[in-house]
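Engineer: coords.cif is reproduced below (mmCIF, C-alpha atoms).
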data_final
#
loop_
_atom_site.group_PDB
_atom_site.id
_atom_site.type_symbol
_atom_site.label_atom_id
_atom_site.label_comp_id
_atom_site.auth_asym_id
_atom_site.auth_seq_id
_atom_site.Cartn_x
_atom_site.Cartn_y
_atom_site.Cartn_z
ATOM 1 C CA THR A 21 14.196 0.905 -36.194
ATOM 2 C CA MET A 22 12.689 -1.754 -33.989
ATOM 3 C CA ALA A 23 15.736 -1.764 -31.684
ATOM 4 C CA SER A 24 15.489 2.001 -31.061
ATOM 5 C CA GLN A 25 11.728 1.705 -30.436
ATOM 6 C CA ALA A 26 12.337 -1.114 -27.951
ATOM 7 C CA ALA A 27 15.034 0.972 -26.211
ATOM 8 C CA ALA A 28 12.668 3.961 -26.033
ATOM 9 C CA ALA A 29 9.880 1.758 -24.625
ATOM 10 C CA ALA A 30 12.270 0.358 -22.007
ATOM 11 C CA THR A 31 13.279 3.909 -21.023
ATOM 12 C CA VAL A 32 9.613 4.897 -20.610
ATOM 13 C CA ALA A 33 8.888 1.763 -18.563
ATOM 14 C CA GLN A 34 11.792 2.592 -16.219
ATOM 15 C CA ALA A 35 10.750 6.223 -15.758
ATOM 16 C CA PRO A 36 10.018 7.071 -12.138
ATOM 17 C CA GLN A 37 6.420 7.475 -11.078
ATOM 18 C CA TYR A 38 7.201 11.005 -9.886
ATOM 19 C CA GLU A 39 10.148 13.171 -8.955
ATOM 20 C CA PRO A 40 9.711 14.232 -5.313
ATOM 21 C CA SER A 41 12.677 16.617 -5.341
ATOM 22 C CA VAL A 42 11.371 18.681 -8.255
ATOM 23 C CA ASP A 43 8.757 21.402 -7.808
ATOM 24 C CA GLY A 44 5.921 21.222 -10.287
ATOM 25 C CA PRO A 45 3.295 18.723 -11.331
ATOM 26 C CA VAL A 46 3.158 15.290 -9.738
ATOM 27 C CA MET A 47 2.540 12.772 -12.491
ATOM 28 C CA VAL A 48 1.239 9.235 -11.978
ATOM 29 C CA ARG A 49 1.323 6.678 -14.760
ATOM 30 C CA ILE A 50 -2.038 4.886 -14.721
ATOM 31 C CA SER A 51 -0.311 1.556 -15.376
ATOM 32 C CA ASP A 52 1.300 1.997 -11.916
ATOM 33 C CA VAL A 53 -2.079 2.437 -10.215
ATOM 34 C CA ILE A 54 -3.395 -0.657 -8.454
ATOM 35 C CA PRO A 55 -7.181 -0.739 -8.940
ATOM 36 C CA ARG A 56 -9.333 -1.384 -5.885
ATOM 37 C CA ARG A 57 -13.033 -1.989 -5.476
ATOM 38 C CA VAL A 58 -15.396 0.454 -3.817
ATOM 39 C CA ASP A 59 -16.695 -0.568 -0.399
ATOM 40 C CA TRP A 60 -20.159 0.642 0.466
ATOM 41 C CA LEU A 61 -21.920 2.035 3.503
ATOM 42 C CA TRP A 62 -25.188 1.450 1.624
ATOM 43 C CA GLU A 63 -24.743 -0.435 -1.652
ATOM 44 C CA GLN A 64 -24.797 1.826 -4.729
ATOM 45 C CA ARG A 65 -25.829 4.826 -2.622
ATOM 46 C CA PHE A 66 -23.171 5.888 -0.112
ATOM 47 C CA PRO A 67 -19.586 4.659 -0.576
ATOM 48 C CA LEU A 68 -17.129 4.297 2.279
ATOM 49 C CA GLY A 69 -14.062 6.498 1.968
ATOM 50 C CA LYS A 70 -15.821 9.062 -0.222
ATOM 51 C CA ILE A 71 -17.940 12.201 0.053
ATOM 52 C CA SER A 72 -21.594 11.914 -0.929
ATOM 53 C CA LEU A 73 -24.011 14.798 -1.308
ATOM 54 C CA LEU A 74 -27.653 14.552 -0.304
ATOM 55 C CA ILE A 75 -29.375 17.347 -2.210
ATOM 56 C CA GLY A 76 -32.977 18.482 -2.288
ATOM 57 C CA ASP A 77 -35.361 21.349 -1.699
ATOM 58 C CA PRO A 78 -36.013 22.491 1.876
ATOM 59 C CA GLY A 79 -38.564 20.521 3.869
ATOM 60 C CA LEU A 80 -38.202 17.193 2.051
ATOM 61 C CA GLY A 81 -36.724 15.326 5.042
ATOM 62 C CA LYS A 82 -33.008 15.261 4.265
ATOM 63 C CA SER A 83 -32.052 15.763 7.921
ATOM 64 C CA THR A 84 -34.540 13.119 9.041
ATOM 65 C CA LEU A 85 -33.067 10.723 6.475
ATOM 66 C CA THR A 86 -29.507 11.314 7.709
ATOM 67 C CA LEU A 87 -30.554 10.589 11.299
ATOM 68 C CA ASP A 88 -32.298 7.405 10.152
ATOM 69 C CA LEU A 89 -29.029 6.404 8.435
ATOM 70 C CA ALA A 90 -27.163 7.132 11.681
ATOM 71 C CA ALA A 91 -29.614 5.036 13.698
ATOM 72 C CA ARG A 92 -29.253 2.071 11.343
ATOM 73 C CA ILE A 93 -25.441 2.309 11.504
ATOM 74 C CA THR A 94 -25.376 2.316 15.324
ATOM 75 C CA ASN A 95 -27.278 -0.995 15.347
ATOM 76 C CA GLY A 96 -26.135 -2.585 12.089
ATOM 77 C CA SER A 97 -29.792 -2.599 11.084
ATOM 78 C CA PRO A 98 -31.106 -3.519 7.628
ATOM 79 C CA TRP A 99 -31.309 -0.924 4.874
ATOM 80 C CA PRO A 100 -34.794 -0.440 3.411
ATOM 81 C CA ASP A 101 -33.980 -2.286 0.186
ATOM 82 C CA ALA A 102 -31.620 -5.092 1.314
ATOM 83 C CA GLY A 103 -28.373 -5.655 3.144
ATOM 84 C CA HIS A 104 -27.338 -4.313 6.509
ATOM 85 C CA ALA A 105 -25.606 -1.147 7.592
ATOM 86 C CA PRO A 106 -22.087 -1.734 8.870
ATOM 87 C CA GLN A 107 -22.342 -1.359 12.645
ATOM 88 C CA GLY A 108 -20.359 1.434 14.259
ATOM 89 C CA SER A 109 -20.359 5.015 15.381
ATOM 90 C CA VAL A 110 -21.407 8.187 13.587
ATOM 91 C CA VAL A 111 -20.057 11.725 13.968
ATOM 92 C CA ILE A 112 -22.605 14.432 13.203
ATOM 93 C CA LEU A 113 -22.298 18.145 12.629
ATOM 94 C CA THR A 114 -25.704 19.776 12.618
ATOM 95 C CA ALA A 115 -26.236 23.511 12.432
ATOM 96 C CA GLU A 116 -29.990 23.778 12.017
ATOM 97 C CA ASP A 117 -31.445 21.368 14.587
ATOM 98 C CA GLY A 118 -31.054 21.388 18.368
ATOM 99 C CA LEU A 119 -29.444 18.303 19.859
ATOM 100 C CA ASP A 120 -31.864 18.181 22.784
ATOM 101 C CA ASP A 121 -35.176 18.949 21.108
ATOM 102 C CA THR A 122 -34.724 17.520 17.625
ATOM 103 C CA VAL A 123 -31.645 15.357 17.031
ATOM 104 C CA ALA A 124 -31.769 13.162 20.154
ATOM 105 C CA PRO A 125 -35.572 12.610 19.972
ATOM 106 C CA ARG A 126 -35.371 11.662 16.281
ATOM 107 C CA LEU A 127 -32.500 9.259 16.922
ATOM 108 C CA ILE A 128 -34.342 7.675 19.858
ATOM 109 C CA ALA A 129 -37.530 7.352 17.762
ATOM 110 C CA SER A 130 -35.447 5.665 15.040
ATOM 111 C CA GLY A 131 -34.114 3.132 17.549
ATOM 112 C CA ALA A 132 -30.525 4.417 17.514
ATOM 113 C CA ASN A 133 -27.957 3.311 20.035
ATOM 114 C CA THR A 134 -27.271 6.939 20.949
ATOM 115 C CA HIS A 135 -24.038 5.996 22.731
ATOM 116 C CA PHE A 136 -22.517 5.644 19.250
ATOM 117 C CA VAL A 137 -23.639 9.026 17.898
ATOM 118 C CA ILE A 138 -21.179 11.823 18.632
ATOM 119 C CA ALA A 139 -21.947 15.456 17.788
ATOM 120 C CA LEU A 140 -19.094 17.820 17.027
ATOM 121 C CA THR A 141 -20.531 21.073 18.402
ATOM 122 C CA ALA A 142 -17.603 23.509 18.652
ATOM 123 C CA ILE A 143 -13.846 23.981 18.716
ATOM 124 C CA ARG A 144 -12.305 24.804 22.095
ATOM 125 C CA THR A 145 -9.219 26.993 22.249
ATOM 126 C CA GLY A 146 -8.101 27.520 25.840
ATOM 127 C CA GLU A 147 -11.080 28.925 27.744
ATOM 128 C CA ASN A 148 -13.038 29.820 24.589
ATOM 129 C CA GLU A 149 -15.255 27.910 22.203
ATOM 130 C CA ARG A 150 -16.048 28.846 18.629
ATOM 131 C CA SER A 151 -17.997 27.393 15.756
ATOM 132 C CA PHE A 152 -16.432 24.616 13.704
ATOM 133 C CA THR A 153 -15.619 25.545 10.096
ATOM 134 C CA LEU A 154 -14.185 23.347 7.375
ATOM 135 C CA ASP A 155 -11.885 26.094 6.121
ATOM 136 C CA ARG A 156 -9.789 26.039 9.299
ATOM 137 C CA ASP A 157 -10.767 23.007 11.379
ATOM 138 C CA ILE A 158 -10.123 20.011 9.111
ATOM 139 C CA PRO A 159 -7.290 18.869 11.450
ATOM 140 C CA ALA A 160 -9.729 18.897 14.405
ATOM 141 C CA LEU A 161 -12.245 16.854 12.412
ATOM 142 C CA GLU A 162 -9.529 14.378 11.462
ATOM 143 C CA SER A 163 -8.564 14.102 15.130
ATOM 144 C CA ALA A 164 -12.198 13.316 16.043
ATOM 145 C CA ILE A 165 -12.412 10.731 13.255
ATOM 146 C CA ALA A 166 -9.124 9.121 14.342
ATOM 147 C CA LYS A 167 -10.372 8.927 17.940
ATOM 148 C CA HIS A 168 -13.909 7.647 17.340
ATOM 149 C CA ARG A 169 -13.410 5.766 14.032
ATOM 150 C CA PRO A 170 -16.927 6.477 12.770
ATOM 151 C CA VAL A 171 -18.453 4.505 9.939
ATOM 152 C CA ALA A 172 -20.015 7.781 8.757
ATOM 153 C CA VAL A 173 -19.677 11.528 9.226
ATOM 154 C CA ILE A 174 -22.807 13.583 8.569
ATOM 155 C CA ILE A 175 -22.502 17.311 7.850
ATOM 156 C CA ASP A 176 -25.905 19.018 7.819
ATOM 157 C CA PRO A 177 -25.930 21.415 6.048
ATOM 158 C CA LEU A 178 -22.545 21.680 4.369
ATOM 159 C CA SER A 179 -23.049 25.391 3.659
ATOM 160 C CA ALA A 180 -23.178 26.181 7.407
ATOM 161 C CA TYR A 181 -19.649 24.849 7.884
ATOM 162 C CA MET A 182 -17.877 26.400 4.895
ATOM 163 C CA GLY A 183 -16.429 29.314 6.877
ATOM 164 C CA GLY A 184 -16.514 33.040 6.283
ATOM 165 C CA ARG A 185 -13.710 33.122 3.730
ATOM 166 C CA ILE A 186 -15.400 30.610 1.435
ATOM 167 C CA ASP A 187 -17.961 31.452 -1.227
ATOM 168 C CA SER A 188 -20.093 28.342 -1.732
ATOM 169 C CA HIS A 189 -20.959 29.604 -5.227
ATOM 170 C CA VAL A 190 -17.310 29.587 -6.334
ATOM 171 C CA ASP A 191 -16.214 26.157 -7.544
ATOM 172 C CA THR A 192 -12.554 26.589 -6.552
ATOM 173 C CA ASP A 193 -13.533 27.582 -3.000
ATOM 174 C CA VAL A 194 -15.731 24.513 -2.606
ATOM 175 C CA ARG A 195 -13.087 22.198 -4.064
ATOM 176 C CA GLY A 196 -10.513 23.705 -1.708
ATOM 177 C CA ILE A 197 -12.681 22.611 1.224
ATOM 178 C CA LEU A 198 -13.838 19.255 -0.114
ATOM 179 C CA GLY A 199 -10.381 18.116 -1.293
ATOM 180 C CA PRO A 200 -8.898 17.745 2.211
ATOM 181 C CA LEU A 201 -12.200 16.320 3.478
ATOM 182 C CA ALA A 202 -12.114 13.678 0.720
ATOM 183 C CA MET A 203 -8.551 12.746 1.695
ATOM 184 C CA ILE A 204 -9.636 12.176 5.302
ATOM 185 C CA ALA A 205 -12.649 10.112 4.175
ATOM 186 C CA ASP A 206 -10.338 7.923 2.102
ATOM 187 C CA LYS A 207 -7.666 7.631 4.808
ATOM 188 C CA TYR A 208 -10.146 6.379 7.434
ATOM 189 C CA GLN A 209 -12.581 4.693 5.005
ATOM 190 C CA THR A 210 -15.376 6.761 6.460
ATOM 191 C CA ALA A 211 -18.487 7.672 4.478
ATOM 192 C CA VAL A 212 -18.911 11.471 4.561
ATOM 193 C CA ILE A 213 -22.501 12.480 3.842
ATOM 194 C CA CYS A 214 -23.073 16.186 3.261
ATOM 195 C CA VAL A 215 -26.530 17.718 3.068
#
Just give me the structure as structure tokens.
Structural biologist:
Amino acid sequence: TMASQAAAAATVAQAPQYEPSVDGPVMVRISDVIPRRVDWLWEQRFPLGKISLLIGDPGLGKSTLTLDLAARITNGSPWPDAGHAPQGSVVILTAEDGLDDTVAPRLIASGANTHFVIALTAIRTGENERSFTLDRDIPALESAIAKHRPVAVIIDPLSAYMGGRIDSHVDTDVRGILGPLAMIADKYQTAVICV
């Protein structure tokens, strides 16, 4: 009857969004989701609060492009097609290029305000330093992002920071790394650009 259908509909409408005390799947009713617009680092190219991948064959200039992006961000300079980069700092992780002989000279040549480019080079534990890896150092990266509040984080190349326990050819391994990274990007509304 119509009365029983109305009662059933009312029961569904009053159902909780999730049950935090119960182990198992967390369910979200889409009608409870408040839509929000995407904010952009560079309109229709690199969103803020998301991970973007810059993919291409070796030698095409991906690293040079990321440093040009960083330079534009540090000055709030125009993008090549229109609009301006939001001005702020950039955190970079670079495994293939030296900071002193490649990264700094390219940034200077691009007109960057190098005071606003911060390179994460290692993780210090007591007296020792070791390489940063996404599989175990996401909290350290979040700490750096919370401290410096970068507009963008550049990871070049992503494969160098996956860690020894991660197989970059296994989808579940990659998702296990990128999931927490995506949550940090969203939390701080930082554009994460991975080469």
Engineer: Mind dumping a table of every range 98-169 of chain A residue within 9 Å of range 196-210 of chain A, with the nearest atom pair and its distance in Å to one decimal, using all atoms listed in the file, sorted by chain and rising number, as CSV?
Structural biologist:
residue,atom,partner,partner_atom,distance
A:Leu154,CA,A:Ile197,CA,6.4
A:Asp155,CA,A:Ile197,CA,6.1
A:Ile158,CA,A:Leu201,CA,7.0
A:Leu161,CA,A:Ile204,CA,8.9
A:Glu162,CA,A:Ile204,CA,6.5
A:Ile165,CA,A:Tyr208,CA,7.6
A:Ala166,CA,A:Tyr208,CA,7.5
A:Arg169,CA,A:Tyr208,CA,7.4
Engineer: Which residues, named as in the file, does the PyMOL selection byres ((chain A and resi 108) around 10) pick out? Answer as an NGL selection string.
Structural biologist: :A and (90-96 or 105-107 or 109-110 or 133 or 136-137 or 168-172)
Engineer: Hey, can you check how far CA of Thr86 in chain A sits from CA of Leu140 in chain A?
Structural biologist: 15.4 Å
Engineer: Just say which residues the PyMOL selection byres ((chain A and resi 116-120) around 12) picks in this file, as number ranges by chain.
Structural biologist: A: 78, 82-84, 87, 112-115, 121-128, 134, 137-141, 175-181, 215
Engineer: Quick one: distance from CA of Lys70 in chain A to CA of Pro100 in chain A in Å, one decimal?
Structural biologist: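 About the pair CA of Lys70 in chain A and CA of Pro100 in chain A: they are 21.5 Å apart.
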Engineer: Using all atoms listed in the file, can you tell me which of A:Asp157, A:Leu73, A:Arg195, A:Arg144 comes closest to Gly183 in chain A?
Structural biologist: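 That would be A:Asp157, the residue with the smallest distance to Gly183 in chain A.
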Engineer: Quick one: pull the distance between CA of Ile174 in chain A and CA of Ile213 in chain A, Å, one decimal.
Structural biologist: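 Here the two named atoms are 4.9 Å from each other.
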Engineer: Could you tell me, as a PyMOL selection string, which residues have any atom at most 10 Å from (-27.7, 9.1, 0.6), counting only C-alpha atoms?
Structural biologist: chain A and resi 61-62+64-67+72-75+82+85-86+89+212-215
Engineer: Pop range 159-175 of chain A out of the structure in the block and write all heavy atoms as a compact mmCIF listing (two decimals), in the first residue's frame.
Structural biologist:
# COMPACT_ATOMS: atom_id res chain seq x y z
N PRO A 159 53.74 10.00 6.76
CA PRO A 159 53.59 10.95 7.87
C PRO A 159 54.64 12.08 7.83
O PRO A 159 54.33 13.23 8.17
CB PRO A 159 53.76 10.09 9.12
CG PRO A 159 53.34 8.72 8.68
CD PRO A 159 53.84 8.62 7.26
N ALA A 160 55.87 11.77 7.44
CA ALA A 160 56.91 12.81 7.35
C ALA A 160 56.57 13.80 6.24
O ALA A 160 56.76 15.01 6.40
CB ALA A 160 58.27 12.17 7.10
N LEU A 161 56.06 13.31 5.12
CA LEU A 161 55.66 14.20 4.04
C LEU A 161 54.50 15.08 4.48
O LEU A 161 54.50 16.29 4.22
CB LEU A 161 55.27 13.40 2.79
CG LEU A 161 54.81 14.23 1.59
CD1 LEU A 161 55.89 15.21 1.13
CD2 LEU A 161 54.40 13.31 0.44
N GLU A 162 53.54 14.50 5.18
CA GLU A 162 52.43 15.32 5.68
C GLU A 162 52.93 16.39 6.64
O GLU A 162 52.47 17.53 6.60
CB GLU A 162 51.36 14.46 6.36
CG GLU A 162 50.21 15.31 6.86
CD GLU A 162 49.03 14.54 7.40
OE1 GLU A 162 49.12 13.31 7.55
OE2 GLU A 162 48.00 15.19 7.68
N SER A 163 53.88 16.05 7.48
CA SER A 163 54.46 17.03 8.40
C SER A 163 55.11 18.18 7.64
O SER A 163 54.95 19.35 8.00
CB SER A 163 55.48 16.34 9.30
OG SER A 163 56.13 17.26 10.13
N ALA A 164 55.84 17.86 6.57
CA ALA A 164 56.47 18.90 5.74
C ALA A 164 55.42 19.77 5.07
O ALA A 164 55.57 21.00 4.99
CB ALA A 164 57.39 18.26 4.71
N ILE A 165 54.35 19.15 4.59
CA ILE A 165 53.27 19.90 3.93
C ILE A 165 52.57 20.80 4.95
O ILE A 165 52.27 21.97 4.67
CB ILE A 165 52.29 18.95 3.23
CG1 ILE A 165 52.97 18.29 2.02
CG2 ILE A 165 51.02 19.68 2.81
CD1 ILE A 165 52.18 17.15 1.41
N ALA A 166 52.31 20.27 6.14
CA ALA A 166 51.66 21.08 7.19
C ALA A 166 52.53 22.27 7.58
O ALA A 166 52.02 23.37 7.83
CB ALA A 166 51.36 20.21 8.40
N LYS A 167 53.84 22.09 7.61
CA LYS A 167 54.75 23.17 8.00
C LYS A 167 54.89 24.23 6.92
O LYS A 167 54.83 25.42 7.20
CB LYS A 167 56.12 22.58 8.32
CG LYS A 167 57.14 23.63 8.71
CD LYS A 167 58.47 23.02 9.05
CE LYS A 167 59.49 24.10 9.43
NZ LYS A 167 60.79 23.53 9.76
N HIS A 168 55.08 23.81 5.67
CA HIS A 168 55.38 24.76 4.60
C HIS A 168 54.17 25.18 3.78
O HIS A 168 54.26 26.13 3.00
CB HIS A 168 56.46 24.17 3.67
CG HIS A 168 57.77 23.96 4.38
ND1 HIS A 168 58.60 25.00 4.70
CD2 HIS A 168 58.36 22.84 4.84
CE1 HIS A 168 59.67 24.53 5.32
NE2 HIS A 168 59.54 23.22 5.42
N ARG A 169 53.06 24.46 3.89
CA ARG A 169 51.82 24.76 3.16
C ARG A 169 52.06 25.03 1.69
O ARG A 169 51.69 26.09 1.15
CB ARG A 169 51.08 25.92 3.80
CG ARG A 169 50.59 25.67 5.20
CD ARG A 169 49.56 24.56 5.18
NE ARG A 169 49.08 24.28 6.53
CZ ARG A 169 47.87 23.86 6.79
NH1 ARG A 169 47.02 23.66 5.81
NH2 ARG A 169 47.53 23.60 8.02
N PRO A 170 52.69 24.09 0.98
CA PRO A 170 52.97 24.32 -0.44
C PRO A 170 51.70 24.31 -1.29
O PRO A 170 50.74 23.61 -0.99
CB PRO A 170 53.87 23.15 -0.81
CG PRO A 170 53.42 22.05 0.11
CD PRO A 170 53.08 22.75 1.41
N VAL A 171 51.75 25.09 -2.35
CA VAL A 171 50.68 25.06 -3.34
C VAL A 171 50.77 23.75 -4.12
O VAL A 171 49.77 23.17 -4.52
CB VAL A 171 50.79 26.27 -4.29
CG1 VAL A 171 49.80 26.17 -5.44
CG2 VAL A 171 50.58 27.56 -3.52
N ALA A 172 52.01 23.26 -4.32
CA ALA A 172 52.22 22.03 -5.07
C ALA A 172 53.35 21.21 -4.46
O ALA A 172 54.27 21.75 -3.85
CB ALA A 172 52.56 22.34 -6.54
N VAL A 173 53.23 19.89 -4.64
CA VAL A 173 54.28 18.94 -4.30
C VAL A 173 54.62 18.22 -5.59
O VAL A 173 53.72 17.70 -6.27
CB VAL A 173 53.82 17.92 -3.23
CG1 VAL A 173 54.87 16.85 -3.00
CG2 VAL A 173 53.47 18.63 -1.92
N ILE A 174 55.90 18.20 -5.94
CA ILE A 174 56.35 17.54 -7.16
C ILE A 174 57.18 16.33 -6.78
O ILE A 174 58.15 16.46 -6.02
CB ILE A 174 57.15 18.51 -8.04
CG1 ILE A 174 56.25 19.66 -8.51
CG2 ILE A 174 57.78 17.78 -9.23
CD1 ILE A 174 56.99 20.82 -9.15
N ILE A 175 56.81 15.16 -7.30
CA ILE A 175 57.55 13.93 -7.04
C ILE A 175 58.08 13.42 -8.37
O ILE A 175 57.31 13.01 -9.24
CB ILE A 175 56.65 12.87 -6.36
CG1 ILE A 175 56.08 13.44 -5.05
CG2 ILE A 175 57.44 11.59 -6.11
CD1 ILE A 175 55.07 12.52 -4.37
